[in-house]
Structures are given as C-alpha cells and as structure tokens.
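The file data39.tsv comes next; it holds TSV, C-alpha atoms.
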```tsv
chain	number	residue	atom	x	y	z
A	1372	MET	CA	-182.37	3.02	-218.56
A	1373	VAL	CA	-179.87	5.89	-218.83
A	1374	MET	CA	-180.19	6.46	-215.08
A	1375	ALA	CA	-179.50	2.77	-214.43
A	1376	MET	CA	-176.35	2.93	-216.55
A	1377	VAL	CA	-175.14	6.04	-214.71
A	1378	MET	CA	-175.71	4.37	-211.35
A	1379	ALA	CA	-173.93	1.22	-212.51
A	1380	ASN	CA	-170.94	3.25	-213.68
A	1381	THR	CA	-170.87	5.12	-210.38
A	1382	LEU	CA	-170.91	1.95	-208.30
A	1383	THR	CA	-168.52	-0.13	-210.37
A	1384	PRO	CA	-165.19	1.31	-209.05
A	1385	ASP	CA	-166.13	0.67	-205.41
A	1386	ILE	CA	-167.51	-2.76	-206.19
A	1387	ASP	CA	-164.41	-3.64	-208.20
A	1388	MET	CA	-162.17	-2.52	-205.32
A	1389	ARG	CA	-164.09	-4.64	-202.82
A	1390	ASP	CA	-164.00	-7.60	-205.18
A	1391	HIS	CA	-160.26	-7.17	-205.72
A	1392	SER	CA	-159.58	-6.95	-201.98
A	1393	LEU	CA	-161.69	-10.02	-201.29
A	1394	MET	CA	-159.94	-12.03	-203.98
A	1395	GLN	CA	-156.52	-10.96	-202.66
A	1396	LEU	CA	-157.49	-12.20	-199.18
A	1397	MET	CA	-158.83	-15.44	-200.64
A	1398	TRP	CA	-155.51	-15.85	-202.44
A	1399	LEU	CA	-153.59	-15.33	-199.19
A	1400	ALA	CA	-155.82	-17.86	-197.43
A	1401	SER	CA	-155.53	-20.46	-200.19
A	1402	PRO	CA	-153.72	-23.71	-199.38
A	1403	ALA	CA	-152.21	-23.38	-202.87
A	1404	LEU	CA	-150.20	-20.33	-201.77
A	1405	PRO	CA	-146.59	-21.60	-202.06
A	1406	ILE	CA	-145.36	-20.85	-198.54
A	1407	GLY	CA	-145.13	-24.39	-197.18
A	1408	GLY	CA	-147.87	-24.28	-194.55
A	1409	PHE	CA	-148.88	-27.88	-195.30
A	1410	ALA	CA	-145.53	-29.07	-193.88
A	1411	TYR	CA	-146.32	-27.91	-190.32
A	1412	SER	CA	-148.75	-29.00	-187.61
A	1413	ASP	CA	-148.00	-26.42	-184.87
A	1414	GLY	CA	-147.30	-29.18	-182.36
A	1415	PHE	CA	-150.50	-31.08	-183.18
A	1416	GLU	CA	-148.65	-34.16	-184.38
A	1417	SER	CA	-146.92	-34.39	-181.02
A	1418	ALA	CA	-150.30	-34.13	-179.26
A	1419	VAL	CA	-151.43	-37.16	-181.26
A	1420	ALA	CA	-148.23	-39.10	-180.60
A	1421	THR	CA	-148.49	-38.55	-176.83
A	1422	GLY	CA	-152.14	-39.60	-176.68
A	1423	HIS	CA	-153.71	-36.20	-176.01
A	1424	VAL	CA	-155.65	-36.37	-179.29
A	1425	THR	CA	-157.06	-39.70	-180.50
A	1426	THR	CA	-160.52	-38.91	-181.89
A	1427	GLU	CA	-162.36	-36.36	-184.02
A	1428	GLN	CA	-163.83	-34.73	-180.90
A	1429	HIS	CA	-160.41	-34.53	-179.25
A	1430	ALA	CA	-159.02	-32.88	-182.37
A	1431	ALA	CA	-161.85	-30.34	-182.58
A	1432	THR	CA	-161.49	-29.43	-178.91
A	1433	TRP	CA	-157.70	-29.21	-179.08
A	1434	LEU	CA	-157.69	-26.94	-182.12
A	1435	ALA	CA	-160.44	-24.69	-180.74
A	1436	SER	CA	-158.37	-24.26	-177.57
A	1437	GLN	CA	-155.29	-23.49	-179.65
A	1438	LEU	CA	-157.26	-20.90	-181.60
A	1439	HIS	CA	-158.39	-19.06	-178.46
A	1440	LEU	CA	-155.32	-19.50	-176.27
A	1441	ASN	CA	-152.66	-19.02	-178.94
A	1442	LEU	CA	-153.78	-17.33	-182.15
A	1443	ALA	CA	-156.27	-14.96	-180.51
A	1444	ARG	CA	-153.67	-13.72	-178.04
A	1445	SER	CA	-150.57	-13.74	-180.25
A	1446	GLU	CA	-150.64	-13.93	-184.05
A	1447	LEU	CA	-153.99	-12.23	-184.60
A	1448	PRO	CA	-153.19	-9.17	-182.43
A	1449	VAL	CA	-149.79	-8.90	-184.14
A	1450	ILE	CA	-151.45	-8.89	-187.55
A	1451	THR	CA	-153.99	-6.30	-186.35
A	1452	GLN	CA	-151.22	-3.95	-185.26
A	1453	GLY	CA	-149.01	-4.98	-188.16
A	1454	VAL	CA	-151.54	-4.04	-190.84
A	1455	ARG	CA	-151.97	-0.64	-189.19
A	1456	ALA	CA	-148.21	-0.15	-188.98
A	1457	TRP	CA	-147.66	-1.06	-192.63
A	1458	ARG	CA	-150.45	1.26	-193.75
A	1459	THR	CA	-149.10	4.19	-191.71
A	1460	HIS	CA	-145.43	3.51	-192.54
A	1461	ASP	CA	-144.57	3.05	-188.85
A	1462	HIS	CA	-141.22	1.34	-189.35
A	1463	ALA	CA	-140.35	1.28	-185.65
A	1464	GLN	CA	-143.56	-0.56	-184.83
A	1465	ILE	CA	-143.03	-3.00	-187.71
A	1466	LYS	CA	-139.59	-3.91	-186.41
A	1467	ALA	CA	-140.84	-4.19	-182.82
A	1468	LEU	CA	-143.74	-6.48	-183.76
A	1469	ASN	CA	-141.54	-8.72	-185.89
A	1470	ALA	CA	-138.97	-8.98	-183.10
A	1471	TRP	CA	-141.73	-9.86	-180.64
A	1472	VAL	CA	-142.98	-12.72	-182.81
A	1473	LEU	CA	-139.50	-14.20	-183.16
A	1474	ALA	CA	-138.74	-13.83	-179.44
A	1475	THR	CA	-141.96	-15.55	-178.37
A	1476	ARG	CA	-141.65	-18.74	-180.44
A	1477	GLU	CA	-141.13	-21.23	-177.66
A	1478	SER	CA	-139.26	-23.98	-179.51
A	1479	SER	CA	-136.75	-24.23	-182.33
A	1480	GLU	CA	-139.39	-25.82	-184.60
A	1481	LEU	CA	-141.94	-23.06	-184.03
A	1482	ARG	CA	-139.25	-20.46	-184.63
A	1483	ALA	CA	-138.13	-22.21	-187.83
A	1484	GLN	CA	-141.75	-22.44	-188.99
A	1485	THR	CA	-142.48	-18.73	-188.72
A	1486	GLU	CA	-139.12	-17.87	-190.32
A	1487	GLN	CA	-139.53	-20.24	-193.28
A	1488	MET	CA	-143.12	-19.24	-193.99
A	1489	GLY	CA	-142.26	-15.56	-193.54
A	1490	LYS	CA	-139.38	-15.77	-196.01
A	1491	SER	CA	-141.47	-17.74	-198.49
A	1492	LEU	CA	-144.33	-15.22	-198.37
A	1493	LEU	CA	-141.87	-12.36	-198.73
A	1494	GLY	CA	-140.42	-14.12	-201.78
A	1495	TRP	CA	-143.93	-14.47	-203.19
A	1496	LEU	CA	-144.54	-10.76	-202.65
A	1497	ARG	CA	-141.45	-9.90	-204.71
A	1498	ASN	CA	-143.22	-11.30	-207.77
A	1499	HIS	CA	-146.43	-9.35	-207.19
A	1500	THR	CA	-147.50	-5.73	-207.00
A	1501	THR	CA	-149.10	-5.94	-203.57
A	1502	ALA	CA	-146.06	-4.57	-201.71
A	1503	THR	CA	-143.40	-2.03	-202.60
A	1504	PRO	CA	-139.70	-2.94	-202.84
A	1505	LEU	CA	-139.04	-0.62	-199.89
A	1506	GLN	CA	-141.55	-2.47	-197.71
A	1507	ILE	CA	-140.17	-5.86	-198.73
A	1508	ASP	CA	-136.59	-4.77	-198.07
A	1509	LEU	CA	-137.55	-3.36	-194.65
A	1510	LEU	CA	-138.80	-6.77	-193.52
A	1511	ALA	CA	-136.10	-8.71	-195.37
A	1512	GLU	CA	-133.41	-6.78	-193.46
A	1513	GLN	CA	-134.70	-8.51	-190.35
A	1514	THR	CA	-135.59	-12.18	-190.08
A	1515	PRO	CA	-139.16	-11.97	-191.42
A	1516	SER	CA	-141.85	-13.69	-189.38
A	1517	TYR	CA	-144.93	-15.13	-191.04
A	1518	PRO	CA	-147.50	-12.91	-189.23
A	1519	MET	CA	-145.66	-9.73	-190.23
A	1520	ALA	CA	-145.21	-10.90	-193.83
A	1521	PHE	CA	-148.94	-11.70	-193.92
A	1522	ALA	CA	-149.73	-8.29	-192.44
A	1523	LEU	CA	-147.68	-6.68	-195.21
A	1524	ALA	CA	-149.50	-8.63	-197.93
A	1525	ALA	CA	-152.92	-7.90	-196.39
A	1526	SER	CA	-152.18	-4.23	-195.80
A	1527	ALA	CA	-151.89	-3.61	-199.53
A	1528	THR	CA	-155.55	-4.53	-200.02
A	1529	GLN	CA	-158.45	-2.18	-199.24
A	1530	ALA	CA	-159.93	-4.77	-196.88
A	1531	ASP	CA	-160.64	-3.82	-193.30
A	1532	ILE	CA	-158.55	-5.40	-190.59
A	1533	ARG	CA	-161.28	-7.80	-189.46
A	1534	ASP	CA	-161.45	-9.30	-192.95
A	1535	CYS	CA	-157.67	-9.66	-192.96
A	1536	LEU	CA	-157.85	-11.56	-189.69
A	1537	LEU	CA	-160.66	-13.77	-191.00
A	1538	ALA	CA	-158.46	-14.75	-193.95
A	1539	PHE	CA	-155.47	-15.56	-191.73
A	1540	ALA	CA	-157.53	-17.52	-189.19
A	1541	PHE	CA	-159.35	-19.53	-191.86
A	1542	ALA	CA	-156.06	-20.40	-193.56
A	1543	TRP	CA	-154.74	-21.64	-190.19
A	1544	ALA	CA	-157.95	-23.59	-189.49
A	1545	GLU	CA	-157.89	-25.26	-192.90
A	1546	ASN	CA	-154.23	-26.21	-192.57
A	1547	MET	CA	-154.69	-27.60	-189.07
A	1548	THR	CA	-157.74	-29.57	-190.16
A	1549	GLN	CA	-155.66	-31.19	-192.89
A	1550	ALA	CA	-152.98	-31.93	-190.29
A	1551	ALA	CA	-155.62	-33.63	-188.12
A	1552	ILE	CA	-156.88	-35.72	-191.02
A	1553	LYS	CA	-153.35	-37.01	-191.67
A	1554	ALA	CA	-152.06	-37.35	-188.10
A	1555	VAL	CA	-154.95	-38.87	-186.11
A	1556	PRO	CA	-155.91	-40.10	-188.85
A	1557	LEU	CA	-159.45	-39.05	-189.77
A	1558	GLY	CA	-161.70	-39.14	-192.80
A	1559	GLN	CA	-162.68	-36.20	-194.96
A	1560	SER	CA	-166.15	-35.94	-193.39
A	1561	SER	CA	-164.56	-35.69	-189.95
A	1562	GLY	CA	-162.29	-33.00	-191.29
A	1563	GLN	CA	-165.24	-31.00	-192.60
A	1564	ARG	CA	-166.96	-31.20	-189.21
A	1565	ILE	CA	-163.80	-30.00	-187.47
A	1566	LEU	CA	-163.40	-27.13	-189.93
A	1567	SER	CA	-167.05	-26.17	-189.43
A	1568	ALA	CA	-166.56	-26.11	-185.66
A	1569	LEU	CA	-163.42	-23.99	-185.98
A	1570	THR	CA	-165.01	-21.46	-188.33
A	1571	SER	CA	-167.83	-20.96	-185.82
A	1572	GLU	CA	-165.21	-20.10	-183.18
A	1573	ILE	CA	-163.13	-17.74	-185.34
A	1574	PRO	CA	-165.30	-14.58	-185.00
A	1575	GLN	CA	-165.07	-14.72	-181.20
A	1576	ALA	CA	-161.29	-15.21	-181.38
A	1577	ILE	CA	-161.01	-12.19	-183.68
A	1578	ASP	CA	-163.15	-10.07	-181.36
A	1579	HIS	CA	-160.71	-10.88	-178.56
A	1580	ALA	CA	-157.67	-10.14	-180.72
A	1581	LEU	CA	-159.05	-6.78	-181.79
A	1582	SER	CA	-159.55	-5.79	-178.15
A	1583	LEU	CA	-155.89	-6.30	-177.20
A	1584	GLY	CA	-153.28	-3.56	-177.09
A	1585	ASP	CA	-149.50	-3.84	-177.33
A	1586	ASP	CA	-149.16	-4.59	-173.63
A	1587	ALA	CA	-151.82	-7.33	-173.63
A	1588	ARG	CA	-150.41	-9.67	-176.27
A	1589	GLN	CA	-148.98	-12.94	-175.01
A	1590	ALA	CA	-147.66	-16.23	-176.33
A	1591	PHE	CA	-147.64	-18.26	-173.12
A	1592	SER	CA	-148.68	-21.79	-174.07
A	1593	PRO	CA	-146.59	-24.11	-171.88
A	1594	MET	CA	-148.19	-27.39	-172.97
A	1595	LEU	CA	-147.80	-26.48	-176.62
A	1596	ALA	CA	-144.17	-25.50	-176.03
A	1597	ILE	CA	-143.46	-28.83	-174.31
A	1598	LEU	CA	-145.15	-30.84	-177.07
A	1599	SER	CA	-143.30	-28.87	-179.73
A	1600	SER	CA	-139.98	-29.57	-178.01
A	1601	GLN	CA	-140.84	-33.27	-177.79
A	1602	HIS	CA	-141.65	-33.28	-181.49
A	1603	GLU	CA	-138.04	-32.35	-182.25
A	1604	VAL	CA	-136.94	-35.83	-181.15
A	1605	GLN	CA	-140.09	-37.75	-182.07
A	1606	TYR	CA	-139.18	-41.03	-183.77
A	1607	SER	CA	-141.63	-40.87	-186.68
A	1608	ARG	CA	-142.91	-37.57	-188.08
A	1609	LEU	CA	-145.11	-36.44	-190.96
A	1610	PHE	CA	-144.67	-32.73	-190.21
A	1611	ARG	CA	-141.83	-30.31	-189.53
A	1612	SER	CA	-143.45	-28.94	-186.35
```

Using the file provided, produce a representation of the structure as structure tokens.
Amino acid sequence: MVMAMVMANTLTPDIDMRDHSLMQLMWLASPALPIGGFAYSDGFESAVATGHVTTEQHAATWLASQLHLNLARSELPVITQGVRAWRTHDHAQIKALNAWVLATRESSELRAQTEQMGKSLLGWLRNHTTATPLQIDLLAEQTPSYPMAFALAASATQADIRDCLLAFAFAWAENMTQAAIKAVPLGQSSGQRILSALTSEIPQAIDHALSLGDDARQAFSPMLAILSSQHEVQYSRLFRS
C-alpha cells in the first residue's frame, strides 16, 4: 500500500500537467470561447447562396475539401511553425508568419475575420496567465491574426503540436458545421453526421500540415476567394464572411 502511494505521488505531477494541457486545448476549441467565431462562415454562406451547396452531402464534401485545400496548407502549417516560434522566442519568425497570414487573406471579409478573431483572442489572453505581457504586446504591436494568436495561446500549454492542431481543426469543423446547419439549412442529426465526417478527415489534414516547411505553405483557393468577394455584396446574409 505504501508503494502504491509512492507511485501515485510520483505520477501525479505529470498526469496533472497532461490534464491541464488537455483542458486548456479544450477551452481554446470551445464554441463558448468569446472570440466571435460563430459570426463567420468562411465563404460557406456564399456557396449556399450560389447553389454550390444545397444538401447535407454537398455540405460535407465542400467542407472536407476546404479542410484539405485551405486549412491543411495554410492555417495549420502556420500554427505548427507559430507554436515553435513562440516556444523558442523567435520574434522574427512570429512577425513573418503573422504578416504572411494577413497578406494571404484573399478578400476584405476574410482579412477582417482573422483580424477580429485575432484581436479578440489576444484580449482574452490578457485576462489569463497563459501568455506573458511581453508576448501579448509583441503580437499586439502588429495586426494580430487569429492563427498566430491561437498559436500563442496553445504554446503556453505542455501539449505537443499535433494536439494543438487537433484542437484548432476541431474548433473550425464544429463552427463550420453550425454554419451549415443554419445556412443550408439542415437538422441537428445532419450536422452531427457532417461533423463526424470532418473529424475523420482531420488527422490526414494534420499529417499534411506537419510535413510542410516555410516554402511550401500556400493559401491559393480561387473559388473560395471569388465566393467570399461575392458575399460582400450578397443581398441577405446571416454571417459576416
């Protein structure tokens, strides 16, 4: 019994750290995080309005394509490199990655989305102990993008980078599923099937993101850019992008 207590005491710090890191990532992935993600559809609403998405299957296929062609080649690689840069205090890389995100948003709405969510997450971080004032000020001096603000928040945990990417990708998938439910519209059961399909695709998308270096990132999504631009003048809108 004494030996069991000694082993328990030895294991507790590591277990507590893993638990804390997991809960921090769950917090960052929560739709209750007050950063305004629910207000955006990443161009999905425009895809519905123009007839590209009209059914549950269309929505699932569209979002899976967006995951692999957009997130896996852009946001997820940025977060991968961003977490590393924050953890190693590589300020030059942090600034370069943030500038890249802002420069590659292909419409005013997508640019406004990443700026608003980045600023909101940075504001949230000011009220927590997961980032230092110096780190927050470094990003605030620029126009903070959402991926780099998320990378800052995730870097303060002890989680490995893959888990950080899983949290970000799931938060995106859950938000986009809710956008599909509202915009198509669909029922809750359809939404759960779409979310299930997306979560099965996320590991492959993360594998691809982890394999990309600085010179292999890209944000070339011409159809998405066109739809996002059309959304700016769409007559009736539920979402800001």

Selection as number ranges by chain: residues within 12 Å of (-158.4, -5.6, -194.2), counting only C-alpha atoms: A: 1389, 1391-1397, 1399, 1450-1455, 1457-1458, 1521-1539

At a cut-off of 10 Å from (-147.8, -16.5, -194.5) in the coordinates of the file, what residues are picked up using only C-alpha atoms, written as a ChimeraX atom specification? /A:1399-1400,1404-1408,1485-1493,1495,1516-1524,1539,1542-1543

Nearest-residue call for A:Arg1608, choices A:His1579, A:His1460, A:Lys1553, A:Arg1564, using all atoms listed in the file: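 Smallest distance to A:Arg1608 is found for A:Lys1553.
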
Here is a test: counting only C-alpha atoms, which residue of A:Glu1477, A:Phe1541, A:Arg1497, A:Leu1510 is nearest to A:Ala1463?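 Among A:Glu1477, A:Phe1541, A:Arg1497, A:Leu1510, it is A:Leu1510 that comes nearest to A:Ala1463.
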
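You can rank A:Ala1551, A:Val1449, A:Leu1438, A:Ala1511 by their closest distance to A:Thr1475 using all atoms listed in the file, and at the top of that list sits A:Val1449.
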
What is the distance, in Å and to one decimal place, between atom CA of A:His1439 and atom CA of A:Thr1459?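 Here the two named atoms are 28.3 Å from each other.
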
Could you pull the residues within 8 Å of A:Glu1416, counting only C-alpha atoms, minus those fewer than 6 positions along the same chain, as JSON, numbers by chain? {"A": [1550, 1551, 1554, 1602, 1608, 1609, 1610, 1612]}

Counting all atoms listed in the file, which of A:Ser1412, A:Thr1500, A:Ser1561, A:Ser1571 gets nearest to A:Glu1480? A:Ser1412

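Distances to A:Pro1556 were evaluated for A:Ser1401, A:Thr1425, A:Gln1589, A:Asn1498 using only C-alpha atoms, and the minimum falls at A:Thr1425.
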
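Atom CA of A:Leu1442 to atom CA of A:Ala1430 spans 16.4 Å [interatomic distance, one decimal].
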
As an exercise, work out the distance from atom CA of A:Phe1415 to atom CA of A:Ser1445 in Å and give it to one decimal place. 17.6 Å

Please output stretch 1533-1554 of chain A, rebuilt to include N, CA and C atoms, as a tab-separated table (two decimals), keeping the file's coordinate frame.
```tsv
chain	number	residue	atom	x	y	z
A	1533	ARG	N	-160.55	-6.59	-189.86
A	1533	ARG	CA	-161.28	-7.80	-189.46
A	1533	ARG	C	-161.28	-8.83	-190.59
A	1534	ASP	N	-161.48	-8.37	-191.82
A	1534	ASP	CA	-161.45	-9.30	-192.95
A	1534	ASP	C	-160.06	-9.91	-193.14
A	1535	CYS	N	-159.03	-9.13	-192.88
A	1535	CYS	CA	-157.67	-9.66	-192.96
A	1535	CYS	C	-157.46	-10.77	-191.93
A	1536	LEU	N	-157.99	-10.55	-190.74
A	1536	LEU	CA	-157.85	-11.56	-189.69
A	1536	LEU	C	-158.67	-12.81	-190.01
A	1537	LEU	N	-159.84	-12.62	-190.59
A	1537	LEU	CA	-160.66	-13.77	-191.00
A	1537	LEU	C	-159.89	-14.64	-192.00
A	1538	ALA	N	-159.22	-14.00	-192.95
A	1538	ALA	CA	-158.46	-14.75	-193.95
A	1538	ALA	C	-157.33	-15.53	-193.29
A	1539	PHE	N	-156.59	-14.89	-192.39
A	1539	PHE	CA	-155.47	-15.56	-191.73
A	1539	PHE	C	-155.97	-16.72	-190.88
A	1540	ALA	N	-157.02	-16.48	-190.09
A	1540	ALA	CA	-157.53	-17.52	-189.19
A	1540	ALA	C	-158.11	-18.69	-189.97
A	1541	PHE	N	-158.80	-18.42	-191.07
A	1541	PHE	CA	-159.35	-19.53	-191.86
A	1541	PHE	C	-158.23	-20.34	-192.49
A	1542	ALA	N	-157.18	-19.67	-192.98
A	1542	ALA	CA	-156.06	-20.40	-193.56
A	1542	ALA	C	-155.43	-21.32	-192.51
A	1543	TRP	N	-155.28	-20.81	-191.28
A	1543	TRP	CA	-154.74	-21.64	-190.19
A	1543	TRP	C	-155.68	-22.81	-189.91
A	1544	ALA	N	-156.98	-22.54	-189.81
A	1544	ALA	CA	-157.95	-23.59	-189.49
A	1544	ALA	C	-157.96	-24.68	-190.55
A	1545	GLU	N	-157.89	-24.28	-191.82
A	1545	GLU	CA	-157.89	-25.26	-192.90
A	1545	GLU	C	-156.62	-26.11	-192.87
A	1546	ASN	N	-155.49	-25.47	-192.62
A	1546	ASN	CA	-154.23	-26.21	-192.57
A	1546	ASN	C	-154.21	-27.19	-191.40
A	1547	MET	N	-154.70	-26.73	-190.25
A	1547	MET	CA	-154.69	-27.60	-189.07
A	1547	MET	C	-155.69	-28.74	-189.22
A	1548	THR	N	-156.79	-28.49	-189.90
A	1548	THR	CA	-157.74	-29.57	-190.16
A	1548	THR	C	-157.11	-30.64	-191.04
A	1549	GLN	N	-156.36	-30.21	-192.04
A	1549	GLN	CA	-155.66	-31.19	-192.89
A	1549	GLN	C	-154.61	-31.95	-192.09
A	1550	ALA	N	-153.95	-31.25	-191.16
A	1550	ALA	CA	-152.98	-31.93	-190.29
A	1550	ALA	C	-153.67	-32.99	-189.44
A	1551	ALA	N	-154.86	-32.67	-188.94
A	1551	ALA	CA	-155.62	-33.63	-188.12
A	1551	ALA	C	-156.03	-34.85	-188.93
A	1552	ILE	N	-156.48	-34.61	-190.16
A	1552	ILE	CA	-156.88	-35.72	-191.02
A	1552	ILE	C	-155.72	-36.69	-191.23
A	1553	LYS	N	-154.52	-36.16	-191.41
A	1553	LYS	CA	-153.35	-37.01	-191.67
A	1553	LYS	C	-152.79	-37.64	-190.40
A	1554	ALA	N	-152.78	-36.90	-189.29
A	1554	ALA	CA	-152.06	-37.35	-188.10
A	1554	ALA	C	-152.87	-38.27	-187.21
```
